[in-house]
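The structure file work17.txt is reproduced below (compact mmCIF, C-alpha atoms).
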```
# COMPACT_ATOMS: atom_id res chain seq x y z
CA MET A 1 7.26 -34.94 -0.91
CA GLU A 2 9.60 -32.10 -1.87
CA ARG A 3 8.46 -32.30 -5.49
CA THR A 4 4.81 -32.26 -4.45
CA LEU A 5 5.38 -29.16 -2.32
CA ARG A 6 7.20 -27.46 -5.17
CA HIS A 7 4.29 -28.15 -7.51
CA GLY A 8 1.87 -26.87 -4.87
CA ARG A 9 3.87 -23.69 -4.50
CA VAL A 10 3.98 -23.08 -8.27
CA ALA A 11 0.23 -23.68 -8.52
CA THR A 12 -0.39 -21.20 -5.70
CA PHE A 13 1.73 -18.61 -7.48
CA ALA A 14 -0.40 -19.17 -10.59
CA TYR A 15 -3.69 -18.56 -8.77
CA PHE A 16 -2.44 -15.45 -6.97
CA ALA A 17 -1.15 -14.00 -10.24
CA LEU A 18 -4.41 -14.90 -11.98
CA ASN A 19 -6.47 -13.21 -9.27
CA GLY A 20 -4.37 -10.03 -9.47
CA PHE A 21 -4.57 -10.01 -13.26
CA VAL A 22 -8.35 -10.54 -13.40
CA LEU A 23 -9.08 -7.81 -10.85
CA GLY A 24 -6.56 -5.49 -12.47
CA MET A 25 -8.23 -5.87 -15.86
CA TRP A 26 -11.56 -4.95 -14.30
CA VAL A 27 -10.05 -1.84 -12.67
CA VAL A 28 -8.48 -0.70 -15.95
CA HIS A 29 -11.86 -0.90 -17.68
CA ILE A 30 -13.93 0.86 -15.00
CA PRO A 31 -14.27 4.14 -17.00
CA ALA A 32 -15.31 2.30 -20.17
CA VAL A 33 -17.79 0.13 -18.28
CA GLU A 34 -19.23 3.21 -16.55
CA HIS A 35 -19.73 4.89 -19.93
CA ARG A 36 -21.37 1.81 -21.47
CA ALA A 37 -23.81 1.47 -18.57
CA GLY A 38 -24.64 5.20 -18.72
CA ILE A 39 -24.16 5.88 -15.01
CA SER A 40 -22.60 8.71 -13.01
CA HIS A 41 -19.56 8.56 -10.74
CA ALA A 42 -21.86 8.69 -7.71
CA VAL A 43 -23.87 5.67 -8.88
CA LEU A 44 -20.67 3.80 -9.68
CA GLY A 45 -19.46 4.43 -6.12
CA TRP A 46 -22.58 2.78 -4.74
CA LEU A 47 -22.28 -0.13 -7.16
CA LEU A 48 -18.71 -0.74 -6.07
CA LEU A 49 -20.08 -1.42 -2.61
CA LEU A 50 -21.86 -4.40 -4.15
CA LEU A 51 -18.47 -5.65 -5.32
CA GLY A 52 -17.25 -5.48 -1.72
CA LEU A 53 -20.45 -7.05 -0.36
CA GLY A 54 -20.12 -9.95 -2.79
CA ALA A 55 -16.48 -10.43 -1.85
CA PHE A 56 -17.26 -10.47 1.87
CA ALA A 57 -20.04 -13.03 1.35
CA GLY A 58 -17.78 -15.20 -0.79
CA MET A 59 -15.06 -15.13 1.88
CA GLN A 60 -17.41 -16.28 4.61
CA ILE A 61 -18.79 -19.12 2.48
CA ALA A 62 -15.47 -20.28 1.03
CA GLY A 63 -13.76 -20.54 4.42
CA PRO A 64 -15.86 -23.42 5.81
CA LEU A 65 -16.04 -25.06 2.38
CA THR A 66 -12.26 -25.07 2.11
CA ASP A 67 -11.96 -26.71 5.53
CA ARG A 68 -14.59 -29.31 4.63
CA LEU A 69 -13.75 -30.10 0.99
CA GLY A 70 -10.11 -29.08 0.82
CA ALA A 71 -8.42 -26.25 -1.06
CA ARG A 72 -7.69 -28.60 -3.98
CA ARG A 73 -11.40 -28.56 -4.85
CA VAL A 74 -12.41 -25.05 -3.82
CA VAL A 75 -9.52 -23.06 -5.33
CA PRO A 76 -9.99 -24.11 -9.00
CA LEU A 77 -13.76 -23.69 -8.82
CA SER A 78 -13.36 -20.25 -7.27
CA ALA A 79 -10.78 -19.27 -9.90
CA ALA A 80 -13.13 -20.42 -12.65
CA LEU A 81 -16.04 -18.44 -11.17
CA CYS A 82 -13.94 -15.29 -10.73
CA SER A 83 -12.55 -15.58 -14.27
CA ALA A 84 -15.93 -16.20 -15.87
CA ALA A 85 -17.59 -13.37 -13.92
CA VAL A 86 -15.11 -10.70 -15.06
CA VAL A 87 -16.73 -10.55 -18.51
CA LEU A 88 -20.14 -9.65 -17.06
CA PRO A 89 -19.41 -5.96 -16.26
CA GLY A 90 -18.23 -5.54 -19.86
CA LEU A 91 -21.60 -6.79 -21.09
CA ALA A 92 -23.74 -4.74 -18.69
CA GLY A 93 -25.83 -2.11 -20.44
CA ASN A 94 -27.63 -0.59 -17.47
CA VAL A 95 -27.29 -0.01 -13.76
CA TRP A 96 -29.15 -3.18 -12.71
CA ALA A 97 -27.12 -5.48 -14.92
CA LEU A 98 -23.88 -3.88 -13.76
CA GLY A 99 -24.88 -4.21 -10.11
CA ALA A 100 -25.61 -7.92 -10.53
CA ALA A 101 -22.35 -8.40 -12.45
CA LEU A 102 -20.27 -6.72 -9.74
CA LEU A 103 -21.98 -8.72 -7.01
CA LEU A 104 -21.09 -11.98 -8.77
CA LEU A 105 -17.55 -10.83 -9.59
CA GLY A 106 -17.02 -9.85 -5.96
CA PHE A 107 -18.37 -13.20 -4.79
CA GLY A 108 -15.97 -15.12 -7.03
CA ASN A 109 -13.07 -12.94 -5.94
CA GLY A 110 -13.89 -13.48 -2.26
CA CYS A 111 -14.06 -17.25 -2.70
CA LEU A 112 -10.73 -17.30 -4.52
CA ASP A 113 -9.06 -14.94 -2.04
CA VAL A 114 -9.80 -17.09 1.00
CA SER A 115 -9.29 -20.52 -0.59
CA MET A 116 -5.96 -19.67 -2.25
CA ASN A 117 -4.68 -18.08 0.98
CA ALA A 118 -5.72 -21.20 2.90
CA HIS A 119 -3.79 -23.30 0.39
CA ALA A 120 -0.83 -20.92 0.71
CA VAL A 121 -0.84 -21.62 4.46
CA GLN A 122 -0.87 -25.33 3.65
CA VAL A 123 2.18 -24.92 1.40
CA GLU A 124 3.93 -22.81 4.03
CA ARG A 125 3.26 -25.50 6.63
CA GLY A 126 4.94 -28.05 4.39
CA TYR A 127 8.01 -25.90 3.84
CA GLY A 128 8.30 -25.10 7.54
CA ARG A 129 9.40 -21.53 6.77
CA PRO A 130 7.73 -18.27 5.66
CA VAL A 131 6.63 -18.25 2.00
CA MET A 132 3.35 -16.31 2.26
CA SER A 133 4.60 -12.84 1.33
CA ALA A 134 5.90 -13.98 -2.06
CA PHE A 135 2.40 -15.15 -2.99
CA HIS A 136 0.98 -11.73 -2.20
CA ALA A 137 3.77 -10.14 -4.24
CA THR A 138 2.69 -12.29 -7.19
CA PHE A 139 -0.83 -10.90 -6.82
CA SER A 140 0.61 -7.39 -7.13
CA ILE A 141 2.64 -8.38 -10.17
CA GLY A 142 -0.53 -9.72 -11.78
CA GLY A 143 -2.12 -6.32 -11.26
CA VAL A 144 0.82 -4.54 -12.85
CA LEU A 145 0.64 -6.87 -15.85
CA ALA A 146 -3.08 -6.15 -16.14
CA ALA A 147 -2.40 -2.41 -16.23
CA LEU A 148 0.09 -2.87 -19.08
CA VAL A 149 -2.11 -5.24 -21.08
CA GLY A 150 -5.25 -3.20 -20.46
CA ALA A 151 -3.56 0.00 -21.58
CA ARG A 152 -2.51 -1.69 -24.81
CA THR A 153 -5.94 -3.17 -25.62
CA LEU A 154 -7.62 0.15 -24.89
CA SER A 155 -5.20 1.89 -27.26
CA TRP A 156 -6.21 -0.64 -29.93
CA GLY A 157 -9.86 0.29 -29.43
CA TRP A 158 -10.99 -3.08 -28.07
CA SER A 159 -14.35 -2.99 -26.33
CA PRO A 160 -14.59 -3.94 -22.64
CA ALA A 161 -16.68 -6.98 -23.57
CA ALA A 162 -14.04 -8.26 -26.00
CA THR A 163 -11.09 -7.69 -23.69
CA LEU A 164 -12.73 -8.99 -20.54
CA GLY A 165 -14.10 -11.94 -22.51
CA ALA A 166 -10.55 -12.82 -23.56
CA VAL A 167 -9.45 -12.48 -19.92
CA ALA A 168 -12.22 -14.87 -18.87
CA VAL A 169 -11.12 -17.48 -21.41
CA LEU A 170 -7.49 -17.10 -20.34
CA GLY A 171 -8.45 -17.42 -16.68
CA LEU A 172 -10.41 -20.61 -17.29
CA ALA A 173 -7.51 -21.99 -19.31
CA ILE A 174 -5.14 -21.37 -16.38
CA ALA A 175 -7.46 -22.45 -13.56
CA ALA A 176 -8.00 -25.99 -14.85
CA PRO A 177 -4.42 -27.23 -15.41
CA ALA A 178 -3.04 -25.42 -12.34
CA ALA A 179 -5.36 -27.50 -10.16
CA ALA A 180 -3.19 -30.57 -10.76
CA GLY A 181 -0.40 -29.03 -8.67
CA LEU A 182 -2.53 -28.24 -5.62
CA LEU A 183 -1.85 -30.25 -2.47
CA ARG A 184 -4.34 -32.96 -1.59
CA SER A 185 -4.06 -32.54 2.16
CA ALA A 186 -2.07 -30.60 4.72
CA PRO A 187 1.58 -31.76 4.66
CA ALA A 188 2.58 -33.76 7.72
CA THR A 189 6.14 -32.41 7.79
CA PHE A 190 5.10 -29.52 10.03
CA GLY A 191 3.43 -31.81 12.57
CA GLU A 192 6.53 -32.52 14.62
CA THR A 193 7.13 -28.80 15.05
CA GLU A 194 3.57 -28.26 16.15
CA ILE A 195 3.77 -31.06 18.70
CA SER A 196 7.02 -29.73 20.16
CA ASP A 197 5.63 -26.18 20.28
CA ALA A 198 2.53 -27.43 22.09
CA LYS A 199 4.62 -29.27 24.66
CA GLU A 200 6.66 -26.15 25.39
CA THR A 201 3.62 -24.08 26.35
CA SER A 202 1.18 -24.30 29.23
CA GLU A 203 -1.72 -23.73 26.83
CA PRO A 204 -4.58 -26.04 27.86
CA THR A 205 -5.94 -28.48 25.30
CA GLY A 206 -9.52 -29.30 24.35
CA ALA A 207 -12.46 -26.97 24.74
CA ALA A 208 -10.56 -24.35 26.73
CA ARG A 209 -8.06 -23.79 23.92
CA ARG A 210 -10.72 -23.85 21.22
CA ASP A 211 -12.62 -21.17 23.15
CA ARG A 212 -9.49 -19.04 23.40
CA THR A 213 -8.37 -19.35 19.77
CA PRO A 214 -11.24 -17.35 18.19
CA ARG A 215 -10.41 -14.35 20.37
CA ARG A 216 -6.89 -14.30 18.95
CA ILE A 217 -8.27 -14.68 15.42
CA TRP A 218 -10.48 -11.66 15.97
CA LEU A 219 -7.45 -9.69 17.17
CA LEU A 220 -5.63 -10.66 13.96
CA ALA A 221 -8.72 -9.67 11.99
CA ALA A 222 -8.87 -6.28 13.73
CA LEU A 223 -5.22 -5.66 12.83
CA ALA A 224 -5.96 -6.68 9.24
CA LEU A 225 -8.86 -4.19 9.14
CA MET A 226 -6.61 -1.36 10.39
CA LEU A 227 -3.67 -2.11 8.10
CA MET A 228 -5.77 -2.71 4.99
CA LEU A 229 -7.61 0.53 5.72
CA CYS A 230 -4.18 2.16 5.53
CA GLU A 231 -3.56 0.42 2.22
CA GLY A 232 -6.91 1.66 0.95
CA VAL A 233 -5.92 5.22 1.87
CA ALA A 234 -2.82 4.91 -0.30
CA ASN A 235 -4.81 3.44 -3.20
CA ASP A 236 -7.41 6.19 -3.23
CA TRP A 237 -5.76 9.32 -1.81
CA SER A 238 -2.04 9.26 -2.58
CA VAL A 239 -2.38 10.83 -6.04
CA LEU A 240 -4.90 13.40 -4.82
CA HIS A 241 -2.54 14.30 -1.99
CA LEU A 242 0.26 15.34 -4.32
CA ARG A 243 -2.07 17.02 -6.77
CA ASP A 244 -4.27 18.98 -4.36
CA VAL A 245 -1.98 19.59 -1.37
CA LEU A 246 1.41 20.01 -3.08
CA ASP A 247 0.17 21.30 -6.47
CA ALA A 248 2.05 18.60 -8.37
CA PRO A 249 1.38 18.16 -12.12
CA PRO A 250 -0.89 15.16 -12.93
CA ALA A 251 1.98 13.05 -14.26
CA THR A 252 4.06 13.73 -11.15
CA ALA A 253 1.11 13.12 -8.81
CA ALA A 254 0.63 9.67 -10.34
CA LEU A 255 4.11 8.77 -9.11
CA ALA A 256 2.81 8.76 -5.53
CA TYR A 257 0.78 5.61 -6.07
CA GLY A 258 3.56 4.24 -8.27
CA ALA A 259 6.10 4.69 -5.46
CA PHE A 260 3.76 3.05 -2.96
CA SER A 261 2.87 0.04 -5.12
CA THR A 262 6.46 -0.52 -6.28
CA THR A 263 7.91 -0.69 -2.78
CA MET A 264 4.91 -2.76 -1.67
CA THR A 265 5.70 -5.39 -4.32
CA ILE A 266 9.46 -5.37 -3.68
CA GLY A 267 8.89 -5.57 0.07
CA ARG A 268 6.66 -8.61 -0.29
CA LEU A 269 9.28 -10.35 -2.41
CA LEU A 270 11.80 -9.83 0.41
CA ALA A 271 9.55 -10.21 3.46
CA ASP A 272 9.69 -14.03 3.62
CA ARG A 273 13.46 -13.98 4.13
CA VAL A 274 13.17 -11.26 6.74
CA ALA A 275 10.43 -13.18 8.57
CA GLY A 276 12.47 -16.37 8.40
CA ARG A 277 15.45 -14.67 10.01
CA PHE A 278 13.88 -12.27 12.49
CA GLY A 279 10.35 -13.66 12.95
CA ALA A 280 6.85 -12.55 12.03
CA VAL A 281 6.55 -10.33 15.11
CA ALA A 282 9.52 -8.24 13.99
CA VAL A 283 8.12 -7.92 10.46
CA LEU A 284 4.81 -6.59 11.78
CA ARG A 285 6.30 -4.40 14.53
CA TYR A 286 9.03 -2.69 12.53
CA GLY A 287 7.08 -2.78 9.28
CA ALA A 288 4.11 -0.97 10.80
CA GLY A 289 6.51 1.43 12.50
CA LEU A 290 8.21 2.18 9.19
CA ALA A 291 4.81 2.70 7.57
CA ALA A 292 3.86 5.20 10.31
CA LEU A 293 7.11 7.08 9.73
CA GLY A 294 6.62 7.12 5.97
CA MET A 295 3.06 8.42 6.21
CA THR A 296 4.16 11.12 8.67
CA ILE A 297 6.83 12.29 6.21
CA ALA A 298 4.33 12.30 3.34
CA ALA A 299 1.73 14.21 5.37
CA LEU A 300 4.03 16.91 6.70
CA SER A 301 6.51 17.45 3.87
CA PRO A 302 6.04 20.59 1.73
CA TRP A 303 8.37 19.13 -0.93
CA ILE A 304 7.23 16.72 -3.62
CA PRO A 305 10.37 14.51 -3.59
CA ALA A 306 10.14 14.04 0.18
CA ALA A 307 6.42 13.25 -0.08
CA LEU A 308 7.15 10.63 -2.74
CA ALA A 309 9.79 9.14 -0.47
CA GLY A 310 7.22 9.06 2.32
CA TRP A 311 4.72 7.14 0.18
CA ALA A 312 7.51 4.75 -0.82
CA LEU A 313 8.38 4.10 2.85
CA PHE A 314 4.69 3.63 3.61
CA GLY A 315 4.44 0.88 0.99
CA ALA A 316 7.67 -0.79 2.11
CA GLY A 317 6.50 -0.85 5.72
CA LEU A 318 3.05 -2.24 4.99
CA SER A 319 4.29 -4.81 2.47
CA GLY A 320 5.02 -7.67 4.85
CA CYS A 321 2.37 -7.01 7.48
CA ILE A 322 -0.81 -8.47 5.97
CA PRO A 323 0.82 -11.75 4.83
CA GLN A 324 1.98 -12.35 8.41
CA LEU A 325 -1.59 -11.94 9.69
CA PHE A 326 -2.97 -14.35 7.08
CA SER A 327 -0.25 -16.85 7.87
CA ALA A 328 -0.83 -16.65 11.63
CA ALA A 329 -4.57 -17.14 11.18
CA GLY A 330 -4.08 -20.18 8.96
CA HIS A 331 -1.56 -21.82 11.28
CA ALA A 332 -3.60 -21.20 14.44
CA ASP A 333 -5.74 -24.28 13.79
CA GLN A 334 -4.98 -26.58 10.86
CA ASP A 335 -8.53 -27.98 10.83
CA ALA A 336 -10.11 -24.51 10.69
CA ALA A 337 -7.57 -22.71 8.50
CA GLY A 338 -10.17 -21.69 5.92
CA VAL A 339 -12.59 -20.25 8.47
CA ASN A 340 -9.84 -18.39 10.32
CA VAL A 341 -8.41 -16.93 7.11
CA SER A 342 -11.91 -15.91 6.02
CA ARG A 343 -12.37 -13.91 9.24
CA VAL A 344 -9.08 -12.08 8.83
CA ALA A 345 -9.53 -11.55 5.09
CA GLY A 346 -13.16 -10.48 5.49
CA LEU A 347 -12.51 -7.76 8.05
CA GLY A 348 -9.37 -6.75 6.17
CA TYR A 349 -11.38 -6.30 3.00
CA LEU A 350 -13.90 -4.16 4.86
CA GLY A 351 -10.98 -2.04 6.01
CA MET A 352 -9.79 -1.63 2.44
CA LEU A 353 -13.24 -0.35 1.46
CA ALA A 354 -13.44 1.88 4.53
CA GLY A 355 -10.25 3.78 3.69
CA PRO A 356 -11.76 6.25 1.22
CA ALA A 357 -15.05 6.34 3.13
CA VAL A 358 -13.33 7.43 6.35
CA ILE A 359 -10.86 9.95 4.92
CA GLY A 360 -13.47 11.72 2.77
CA PRO A 361 -15.63 13.05 5.63
CA LEU A 362 -12.53 13.92 7.66
CA THR A 363 -11.45 16.36 4.94
CA HIS A 364 -14.41 18.55 6.00
CA LEU A 365 -12.76 18.93 9.40
CA ALA A 366 -9.07 19.11 8.47
CA PRO A 367 -6.81 19.41 5.41
CA LEU A 368 -6.28 16.19 3.49
CA ASN A 369 -2.69 15.73 4.58
CA LEU A 370 -3.63 16.01 8.27
CA THR A 371 -6.28 13.30 7.93
CA PHE A 372 -3.40 10.92 7.15
CA PHE A 373 -2.57 10.88 10.85
CA LEU A 374 -5.44 8.40 11.22
CA PRO A 375 -3.47 5.69 9.33
CA VAL A 376 -0.36 6.81 11.25
CA ALA A 377 -2.19 6.04 14.50
CA LEU A 378 -3.46 2.70 13.18
CA CYS A 379 0.05 1.67 12.12
CA ALA A 380 1.34 2.65 15.57
CA ILE A 381 -1.31 0.47 17.22
CA ALA A 382 -0.33 -2.45 14.97
CA ALA A 383 3.33 -2.00 15.89
CA CYS A 384 2.54 -1.98 19.61
CA THR A 385 0.36 -5.10 19.43
CA ALA A 386 2.57 -7.17 17.10
CA ALA A 387 3.20 -9.73 19.85
CA VAL A 388 -0.22 -11.24 19.06
CA LEU A 389 1.57 -13.14 16.30
CA ARG A 390 3.73 -14.97 18.85
CA THR A 391 1.15 -16.97 20.78
CA PRO A 392 -0.46 -19.44 21.15
CA ALA A 393 1.16 -22.54 19.65
CA PRO A 394 -0.48 -23.93 16.48
CA VAL A 395 -3.41 -26.30 16.94
CA THR A 396 -3.58 -29.59 15.05
CA ARG A 397 -6.36 -31.81 16.37
CA ARG A 398 -5.40 -34.63 14.04
CA VAL A 399 -1.87 -34.76 15.44
CA GLU A 400 -3.14 -34.55 19.00
CA ALA A 401 -5.48 -37.48 18.38
CA GLU A 402 -2.61 -39.57 17.08
CA THR A 403 -0.48 -38.80 20.15
CA VAL A 404 -3.14 -39.69 22.75
```

I need this file expressed as structure tokens, please.
Amino acid sequence: MERTLRHGRVATFAYFALNGFVLGMWVVHIPAVEHRAGISHAVLGWLLLLLGLGAFAGMQIAGPLTDRLGARRVVPLSAALCSAAVVLPGLAGNVWALGAALLLLGFGNGCLDVSMNAHAVQVERGYGRPVMSAFHATFSIGGVLAALVGARTLSWGWSPAATLGAVAVLGLAIAAPAAAGLLRSAPATFGETEISDAKETSEPTGAARRDRTPRRIWLLAALALMLMLCEGVANDWSVLHLRDVLDAPPATAALAYGAFSTTMTIGRLLADRVAGRFGAVAVLRYGAGLAALGMTIAALSPWIPAALAGWALFGAGLSGCIPQLFSAAGHADQDAAGVNVSRVAGLGYLGMLAGPAVIGPLTHLAPLNLTFFLPVALCAIAACTAAVLRTPAPVTRRVEAETV
């Protein structure tokens, strides 16, 4: 059993890294793809909404499919679809072709996002301890690797079609063999813990509990929306903040996002141990609090070094929060892990897209740095409501049936 879990964990690492690498390669080639399709920045902005729409649709479809067919089937197919679709934007020669390509790429990404997170919950259940954050760190590492590889291929003069085509072939080559390591069914080693947890609570069983569980999932999803909106603000506005508000040179301004993403990755590599020792509630409460402090420093500081430190603290604080929400959603009901993760991931993804959309209009009412108090407030709300991760006890209908 231990060897099977280890193989499942390695396979999950592979799919998270693959997903980060594929999406990162697309991001690196956005300017070249925009030029090939002959579109403006404004049109590209609208087309990127199709990427998000496709991802949201894929998440909602993949969730029930993962629960019905199992992650072992859905994850490799989703990885293959996401990998194959990444070449399509590189081939698009006009706005319509690019729109269709982004819709399909987003759909594949959404399917892979939910199914691999559902499998990550399955692996975590088998280990009986937090392992989710490390998977999300691997996704970030895949993105960093994509930036390095993409920069090199662009310097060699490779076309987007050639580079993204090579990425598609590589993705398909990884997706197939990695499937052998995926777990066939949810490990039973966590069942005894679930039974004991259920006995220690007064939570009613049956229809009453099933009616109550979705409300908690929607609370987790709302927190995911708020925190991923904060992450989207860092992705899209951190560099502009240093450049426009603090008059930093372009090279120095780029360090803002670098500081954020570096501490985000390091924090996710460490968050599992912190969660194992202090609990998921503490990770969310103090992590969101640290993120609020970091963003406040970045927003108010007139000095570039202090602002960079603020963005670094912001990334460190947010790093462990989202994985805890995904994990809690997946463990809430073993038989509906895919659906529950799809709800949290879907609203979270909408939050990521909403970040730039919300901050932009606010800059007409206040300076850019003052608009950052919106994510400060959202982080504060997340810190105050972190106890939602504590209850109720996990639901496992299969185990309950066996104990009747």

Go ahead and compute the interatomic distance for CA of Leu227 in chain A and CA of Leu365 in chain A, in Å to one decimal.
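Computing it gives 23.0 Å between the two atoms.
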
Got a sec: who's within 12 Å of Met25 in chain A, counting only C-alpha atoms, leaving out chain neighbours fewer than 6 positions off, as a compact mmCIF listing (two decimals) with C-alpha atoms, in the frame of the given file?
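File out.txt, as written:
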```txt
# COMPACT_ATOMS: atom_id res chain seq x y z
CA LEU A 18 -4.41 -14.90 -11.98
CA ASN A 19 -6.47 -13.21 -9.27
CA PRO A 31 -14.27 4.14 -17.00
CA ALA A 32 -15.31 2.30 -20.17
CA VAL A 33 -17.79 0.13 -18.28
CA SER A 83 -12.55 -15.58 -14.27
CA VAL A 86 -15.11 -10.70 -15.06
CA VAL A 87 -16.73 -10.55 -18.51
CA PRO A 89 -19.41 -5.96 -16.26
CA GLY A 90 -18.23 -5.54 -19.86
CA GLY A 142 -0.53 -9.72 -11.78
CA GLY A 143 -2.12 -6.32 -11.26
CA VAL A 144 0.82 -4.54 -12.85
CA LEU A 145 0.64 -6.87 -15.85
CA ALA A 146 -3.08 -6.15 -16.14
CA ALA A 147 -2.40 -2.41 -16.23
CA LEU A 148 0.09 -2.87 -19.08
CA VAL A 149 -2.11 -5.24 -21.08
CA GLY A 150 -5.25 -3.20 -20.46
CA ALA A 151 -3.56 0.00 -21.58
CA ARG A 152 -2.51 -1.69 -24.81
CA THR A 153 -5.94 -3.17 -25.62
CA LEU A 154 -7.62 0.15 -24.89
CA PRO A 160 -14.59 -3.94 -22.64
CA ALA A 161 -16.68 -6.98 -23.57
CA ALA A 162 -14.04 -8.26 -26.00
CA THR A 163 -11.09 -7.69 -23.69
CA LEU A 164 -12.73 -8.99 -20.54
CA GLY A 165 -14.10 -11.94 -22.51
CA ALA A 166 -10.55 -12.82 -23.56
CA VAL A 167 -9.45 -12.48 -19.92
CA ALA A 168 -12.22 -14.87 -18.87
CA GLY A 171 -8.45 -17.42 -16.68
```

Rank A:Asn235, A:His331, A:Arg268, A:Pro375 by their smallest atom-to-atom distance to Thr296 in chain A, using all atoms listed in the file, and report the top residue only.
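Checking each of A:Asn235, A:His331, A:Arg268, A:Pro375 against Thr296 in chain A, counting all atoms listed in the file, the winner is A:Pro375.
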
Do you know which residues are at most 10 Å from His136 in chain A counting all atoms listed in the file, after dropping those on the same chain fewer than 3 positions away, and could you put them as an mmCIF file with C-alpha atoms, keeping the file's coordinate frame?
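Final output, result-v2.cif:
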```
data_model
loop_
_atom_site.group_PDB
_atom_site.id
_atom_site.type_symbol
_atom_site.label_atom_id
_atom_site.label_comp_id
_atom_site.auth_asym_id
_atom_site.auth_seq_id
_atom_site.Cartn_x
_atom_site.Cartn_y
_atom_site.Cartn_z
ATOM 1 C CA PHE A 13 1.730 -18.610 -7.480
ATOM 2 C CA PHE A 16 -2.440 -15.450 -6.970
ATOM 3 C CA ALA A 17 -1.150 -14.000 -10.240
ATOM 4 C CA GLY A 20 -4.370 -10.030 -9.470
ATOM 5 C CA ASN A 117 -4.680 -18.080 0.980
ATOM 6 C CA ALA A 120 -0.830 -20.920 0.710
ATOM 7 C CA VAL A 131 6.630 -18.250 2.000
ATOM 8 C CA MET A 132 3.350 -16.310 2.260
ATOM 9 C CA SER A 133 4.600 -12.840 1.330
ATOM 10 C CA PHE A 139 -0.830 -10.900 -6.820
ATOM 11 C CA SER A 140 0.610 -7.390 -7.130
ATOM 12 C CA ILE A 141 2.640 -8.380 -10.170
ATOM 13 C CA GLY A 142 -0.530 -9.720 -11.780
ATOM 14 C CA MET A 264 4.910 -2.760 -1.670
ATOM 15 C CA THR A 265 5.700 -5.390 -4.320
ATOM 16 C CA ARG A 268 6.660 -8.610 -0.290
ATOM 17 C CA LEU A 269 9.280 -10.350 -2.410
ATOM 18 C CA SER A 319 4.290 -4.810 2.470
ATOM 19 C CA GLY A 320 5.020 -7.670 4.850
ATOM 20 C CA ILE A 322 -0.810 -8.470 5.970
ATOM 21 C CA PRO A 323 0.820 -11.750 4.830
#
```

May I ask which of the residues A:Ala100, A:Val114, A:Ile30, A:Ala291 is the closest one to Ser327 in chain A, counting only C-alpha atoms?
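That would be A:Val114, the residue with the smallest distance to Ser327 in chain A.
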
Can you pull out every residue within 9 Å of Leu325 in chain A, counting all atoms listed in the file, but drop anything in the same chain fewer than 5 positions away, and send it as a ChimeraX atom specification?
/A:220-221,223-224,280,284,330,341,344,389

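Counting only C-alpha atoms, the residue from A:Trp96, A:Phe107, A:Phe373, A:Phe135 that sits nearest to Tyr15 in chain A is A:Phe135.
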
To one decimal place in Å, what is the distance between CA of Cys321 in chain A and CA of Ala118 in chain A?
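These atoms are spaced 17.0 Å apart.
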
Using all atoms listed in the file, which of A:Ser238, A:Ser78, A:Thr66, A:Thr252 sits nearest Leu105 in chain A?
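With all atoms listed in the file as the atom set, the closest residue is A:Ser78.
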
Closest to Ile266 in chain A among A:Trp218, A:Ala134, A:Val388, A:Val233, using only C-alpha atoms?
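So, comparing all the options, the nearest one is A:Ala134.
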
Hey, which of A:Gly128, A:Gly8, A:Pro367, A:Gly93 ends up closest to Leu300 in chain A? Count all atoms listed in the file.
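Under the stated criterion, the closest residue is A:Pro367.
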
To one decimal in Å, tell me the separation between CA of Ala80 in chain A and CA of Ala175 in chain A.
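Computing it gives 6.1 Å between the two atoms.
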
Which residues come within 8 Å of Arg184 in chain A, counting all atoms listed in the file, excluding same-chain residues fewer than 2 positions away, as JSON, numbers by chain?
{"A": [70, 71, 72, 182, 186]}

If we count only C-alpha atoms and set the cut-off at 12 Å, which residues sit around Leu362 in chain A, ignoring sequence neighbours fewer than 6 positions away in its own chain? Please answer as a ChimeraX atom specification.
/A:355-356,368-374

Would you give me, as a Markdown table, each residue of range 280-300 of chain A having an atom within 9 Å of an atom of range 379-387 of chain A, along with its shortest atom pair and that distance in Å to one decimal, using all atoms listed in the file and sorting by chain and residue number?
```
| residue | atom | partner | partner_atom | distance |
| --- | --- | --- | --- | --- |
| A:Ala280 | CA | A:Ala386 | CA | 8.5 |
| A:Val281 | CA | A:Ala386 | CA | 5.5 |
| A:Ala282 | CA | A:Ala386 | CA | 7.7 |
| A:Val283 | CA | A:Ala386 | CA | 8.7 |
| A:Leu284 | CA | A:Ala386 | CA | 5.8 |
| A:Arg285 | CA | A:Ala383 | CA | 4.1 |
| A:Tyr286 | CA | A:Ala383 | CA | 6.7 |
| A:Gly287 | CA | A:Ala383 | CA | 7.6 |
| A:Ala288 | CA | A:Cys379 | CA | 5.0 |
| A:Gly289 | CA | A:Ala383 | CA | 5.8 |
| A:Leu290 | CA | A:Cys379 | CA | 8.7 |
| A:Ala291 | CA | A:Cys379 | CA | 6.7 |
| A:Ala292 | CA | A:Cys379 | CA | 5.5 |
```

Please work out which residues fall within 12 Å of (6.9, 4.9, 2.5), coordinates as given in the file, with only C-alpha atoms counting, and return them as a ChimeraX atom specification.
/A:230-231,234,238,256-264,267,287-299,305-319,376

Using all atoms listed in the file, find each residue of range 272-355 of chain A with at least one atom at most 9 Å away from an atom of range 52-61 of chain A; report its shortest atom-to-atom pair and that distance in Å (one decimal), sort the rows by chain and rising residue number, and return the result as a Markdown table.
```
| residue | atom | partner | partner_atom | distance |
| --- | --- | --- | --- | --- |
| A:Val339 | CA | A:Gln60 | CA | 7.3 |
| A:Val341 | CA | A:Met59 | CA | 8.6 |
| A:Ser342 | CA | A:Met59 | CA | 5.3 |
| A:Arg343 | CA | A:Gln60 | CA | 7.2 |
| A:Ala345 | CA | A:Met59 | CA | 7.3 |
| A:Gly346 | CA | A:Phe56 | CA | 5.5 |
| A:Leu347 | CA | A:Phe56 | CA | 8.3 |
| A:Tyr349 | CA | A:Phe56 | CA | 7.3 |
| A:Leu350 | CA | A:Gly52 | CA | 7.5 |
| A:Leu353 | CA | A:Gly52 | CA | 7.2 |
```
